[in-house]
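Notes for the one structure printed next.
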Protein chains: 2
Amino acid sequence: MATIIEVAAAAGVSTATVSRVLSQPTRVAEATRAKVMEVVEALDYRPNVAARTLRTLRAAKILLTVPDISNPFFASVIRGAEEAARDAGYAVVLGDTRHDPEVEDQYAEMLSRREVDGLVFLGHRLPASLEALVAREGASAPIVNGCEYSPEIGVPSVHIDNAAGSADAIEHLVALGHRGIGIITGPPISPISRDRLAGVLRAADRHGLKDRLHLREGDYGADSAHRAARALLAEGVTALFCFSDEMALGAISAVGAAGLSCPGDVSVIGFDDLPLARFFHPALTTIAQPKGMIGRRAVELLVGILRGIEPVERQLTLAHELIRRASTGAAPNPR
Amino acid sequence: MATIIEVAAAAGVSTATVSRVLSQPTRVAEATRAKVMEVVEALDYRPNVAARTLRTLRAAKILLTVPDISNPFFASVIRGAEEAARDAGYAVVLGDTRHDPEVEDQYAEMLSRREVDGLVFLGHRLPASLEALVAREGASAPIVNGCEYSPEIGVPSVHIDNAAGSADAIEHLVALGHRGIGIITGPPISPISRDRLAGVLRAADRHGLKDRLHLREGDYGADSAHRAARALLAEGVTALFCFSDEMALGAISAVGAAGLSCPGDVSVIGFDDLPLARFFHPALTTIAQPKGMIGRRAVELLVGILRGIEPVERQLTLAHELIRRASTGAAPNPR
DNA sequence: GGATACGATGTAAAGGATTACATTCGCGGG
DNA sequence: CCCGCGAATGTAATCCTTTACATCGTATCC
């Protein structure tokens, strides 16, 4: 691979001029620029990224970590993030942490070592090795949290109002006449689960149904929801609110396995609005998150920090929406 | 951030010794090593990756591109690839190309610029800018193809026998008594689609059913399959073989929408065995691919090339498996 | 005791690009 | 005709690490 020195030699100019042609073309005379470009093409020259990064201290990359890449929910967030990054001249390095703190730390190292300029993490944990960084640099630490939000972490974040979203789900079920409602939550360690649960309790309380709620903990995966739903169905609920669409799929599967029909006997509502949710059988009623926009805004926030712009809003709350499909219906008549 | 020079100064040794302590600890005296490590800890020193890469010409990263990150099929492949990469001391940079040749080229640039040491691509297209590289370096080009396989690309690959897999699907349906079978294929531009179609035709021919096949083209997404299935159902098929599980979900959704039941009226079989397939309603019969192993083997092949080991087998064919679940059943009695 | 060998460490040269500062040159104004 | 200015380009330091080679001291062996 040709170096800038060879290009300079072949074009009869100095390396400084070659560098300028590539990065600030207007500061070079037209004729020189043409000559240099010609040589660049001929030698198929590409600047060595390591050398550039070493010199400029800018990697032009941002790291995006997701807790579980097999969760299709994140795919849309990733898409949005990549677009925004590309727009701003950054490449995205994607890391799948599998909810493993050790892996999270490994990825976080990339930031410590300046392999990447900033980090957007979609989980709920700030890797331990970055806590010192946040404490030291405060608002100018190049770290943004997406989807989740924990005030104590102290970094900017982009998310929906999870409590309001799940309150909407409960309101929807109550309006359909459901009274015995089962909730399949996420692990309480995640603020998202806690917020959604808070919304559920608030809405239920509003209708005097707080004591009639049936709570079961899931892990956002279909499997856990399948088991939880089986137990809840035995308790006689007529509706199930699952904290993710994947869990809703597991719940619907359990409804069928119990010889019941959805939504005839049991209504099911999810959370996220996965692209596949409309193809579930029955098509899934759910709370939609603006997935792509979450990714986009998170990256924009990060890029702003990298450029030294203090964001106006450090916590961005985007709009959610209840999507009514076929998996929820009127509560069956009690007999 | 501290540099190796500061560490060396604080420890009272040369930078060479610090470097050795970190990369070849055994070649340094115990006492020196301890002293240096102490300073490393105290200053929280991390080697600068750009400088190391510049010096060694090794980025310790491999690039993994997927055509569509929202396809859960790839998630498992990615997992396997990451594990294998970690085992070999490499980090994975993940790129989502969205089937866009331009984006593929952008990622391929990372290899040309030595930002990464090698490339595993899961699509069916070798980015144009890398053709020259493959032509020049032949078997030692650090590029491996996963999932798909095109002999003309000339790079090693890891995949299943797609023709055999889809032949198995047809045999399964025929054994259940189905004669009017609809096939929802993928775009013929992808070798995977062509191979699977070839397997279908071969198996159908074996039973004299080649002329009774109903073919429709899909794009591996649920939407396209939903539409294709609607048309095929109107033609009176009793079974649908979809070239992906996602399409199978779309097809099942169309079966329901047409007022028919699956598998009572129409059997549906997919391809891939997504983690969610068993929670579909009905649980999906499908051809399972060893997804994690495909990713793992692809990376292992690549790492072998990077280490200068000529692989014994440049084309690796892994085993697939027919998973019988509830979405396929005996053909309805003709009247 | 002296030659040998080896282990431990230091010296300094890359590796490739960017950029502050210096230089050169031509041109317009006084 | 000279000065000064600005545009264009060059010079060389710098970013940080790795590693071939040199050096030094000590233990080993004859």
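Identifiers in the structure tokens: chain A, B, ... in order shown; residue index from 1 per chain; ligand index from 1 in order shown.
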
Would you pick out the contacts of DC15 (chain D) at 8 Å or less, using only C-alpha atoms (C1' of nucleotides), so that residues sharing its chain but fewer than 6 positions from it are not included, and give the list as number ranges by chain? A: 54-56; B: 51

Restricted to N, CA and C atoms, what would the selected residues look like written as a PDB file, in the first residue's frame?
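The resulting part.pdb:
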```
ATOM      1  N   LEU A  54      -3.428   8.453  15.382  1.00  0.00           N
ATOM      2  CA  LEU A  54      -2.333   8.728  16.302  1.00  0.00           C
ATOM      3  C   LEU A  54      -2.026  10.221  16.341  1.00  0.00           C
ATOM      4  N   ARG A  55      -2.000  10.801  15.179  1.00  0.00           N
ATOM      5  CA  ARG A  55      -1.631  12.214  15.096  1.00  0.00           C
ATOM      6  C   ARG A  55      -2.751  13.136  15.579  1.00  0.00           C
ATOM      7  N   THR A  56      -3.972  12.844  15.189  1.00  0.00           N
ATOM      8  CA  THR A  56      -5.064  13.785  15.455  1.00  0.00           C
ATOM      9  C   THR A  56      -5.817  13.498  16.750  1.00  0.00           C
TER      10      THR A  56
ATOM     11  N   ALA B  51      -1.159   3.863  17.911  1.00  0.00           N
ATOM     12  CA  ALA B  51       0.299   3.778  17.804  1.00  0.00           C
ATOM     13  C   ALA B  51       0.741   2.331  17.622  1.00  0.00           C
TER      14      ALA B  51
END
```

With only C-alpha atoms (C1' of nucleotides) considered, list every residue of chain A at most 9 Å from chain D, as a list of chain:residue names.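 For chain A, the answer reads A:Val13, A:Ser14, A:Thr15, A:Ala16, A:Thr17, A:Arg27, A:Val28, A:Ala29, A:Ala51, A:Arg52, A:Thr53, A:Leu54, A:Arg55, A:Thr56, A:Leu57.
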
From a DSSP calculation on the backbone, collect every residue of region 12-256 of chain A in alpha helix (DSSP H) and output the set as number ranges by chain. A: 15-23, 30-43, 49-56, 72-88, 101-112, 128-137, 162-175, 191-206, 222-234, 245-256

Hey, list the chain C side of the contact with chain A: 7 Å cut-off, only C-alpha atoms (C1' of nucleotides), answer as a list in words.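 Using only C-alpha atoms (C1' of nucleotides), chain C residues at most 7 Å from chain A: DG16, DA17 and DT18 of chain C.
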
Rounded to one decimal place, report the CA of Leu94 (chain A)-CA of Gly95 (chain B) distance in Å. 7.6 Å

Which residues of chain A are close to chain B, meaning at most 9 Å apart when you count only C-alpha atoms, and how do they look as number ranges by chain? A: 1, 46-55, 57, 59, 68-76, 78-79, 82, 92-96, 109-110, 112-115, 222-223, 226, 246, 249-254, 256, 275-276, 278-283

What is the CA of Gly236 (chain B) to CA of Pro263 (chain A) distance in Å?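 Pair CA of Gly236 (chain B) / CA of Pro263 (chain A) returns 28.6 Å.
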
Would you mind reading off the distance between CA of His172 (chain B) and CA of Leu260 (chain B), one decimal, in Å?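 It comes out at 21.1 Å.
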
Using only C-alpha atoms (C1' of nucleotides), which residues sit within 12 Å of Leu322 (chain A) once same-chain residues fewer than 5 positions away are excluded, as JSON, numbers by chain? {"A": [164, 165, 166, 167, 168, 169, 170, 171, 172, 173, 269, 270, 271, 272, 273, 284, 285, 286, 287, 288, 289, 290, 328]}

Store the residues picked out above in a file with C-alpha atoms, as a PDB file, in the first residue's frame.
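Written file, result_17.pdb:
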```
ATOM      1  CA  ALA A 164     -46.694   6.571  30.533  1.00  0.00           C
ATOM      2  CA  GLY A 165     -46.407   3.899  27.867  1.00  0.00           C
ATOM      3  CA  SER A 166     -47.342   1.078  30.137  1.00  0.00           C
ATOM      4  CA  ALA A 167     -50.051   3.180  31.758  1.00  0.00           C
ATOM      5  CA  ASP A 168     -51.514   3.497  28.270  1.00  0.00           C
ATOM      6  CA  ALA A 169     -51.443  -0.262  27.890  1.00  0.00           C
ATOM      7  CA  ILE A 170     -53.351  -0.718  31.147  1.00  0.00           C
ATOM      8  CA  GLU A 171     -55.871   1.976  30.229  1.00  0.00           C
ATOM      9  CA  HIS A 172     -56.453   0.190  26.944  1.00  0.00           C
ATOM     10  CA  LEU A 173     -57.140  -3.122  28.668  1.00  0.00           C
ATOM     11  CA  ILE A 269     -50.575  -6.591  24.653  1.00  0.00           C
ATOM     12  CA  GLY A 270     -46.854  -6.118  24.158  1.00  0.00           C
ATOM     13  CA  PHE A 271     -44.278  -3.375  24.179  1.00  0.00           C
ATOM     14  CA  ASP A 272     -41.868  -2.172  21.445  1.00  0.00           C
ATOM     15  CA  ASP A 273     -43.753  -2.810  18.191  1.00  0.00           C
ATOM     16  CA  LEU A 284     -50.109  -7.891  18.208  1.00  0.00           C
ATOM     17  CA  THR A 285     -51.464  -4.843  19.992  1.00  0.00           C
ATOM     18  CA  THR A 286     -48.478  -3.045  21.468  1.00  0.00           C
ATOM     19  CA  ILE A 287     -46.842   0.163  22.623  1.00  0.00           C
ATOM     20  CA  ALA A 288     -44.621   1.425  19.821  1.00  0.00           C
ATOM     21  CA  GLN A 289     -41.279   3.041  20.520  1.00  0.00           C
ATOM     22  CA  PRO A 290     -39.671   5.377  17.964  1.00  0.00           C
ATOM     23  CA  THR A 328     -56.667  -7.392  22.379  1.00  0.00           C
TER      24      THR A 328
END
```
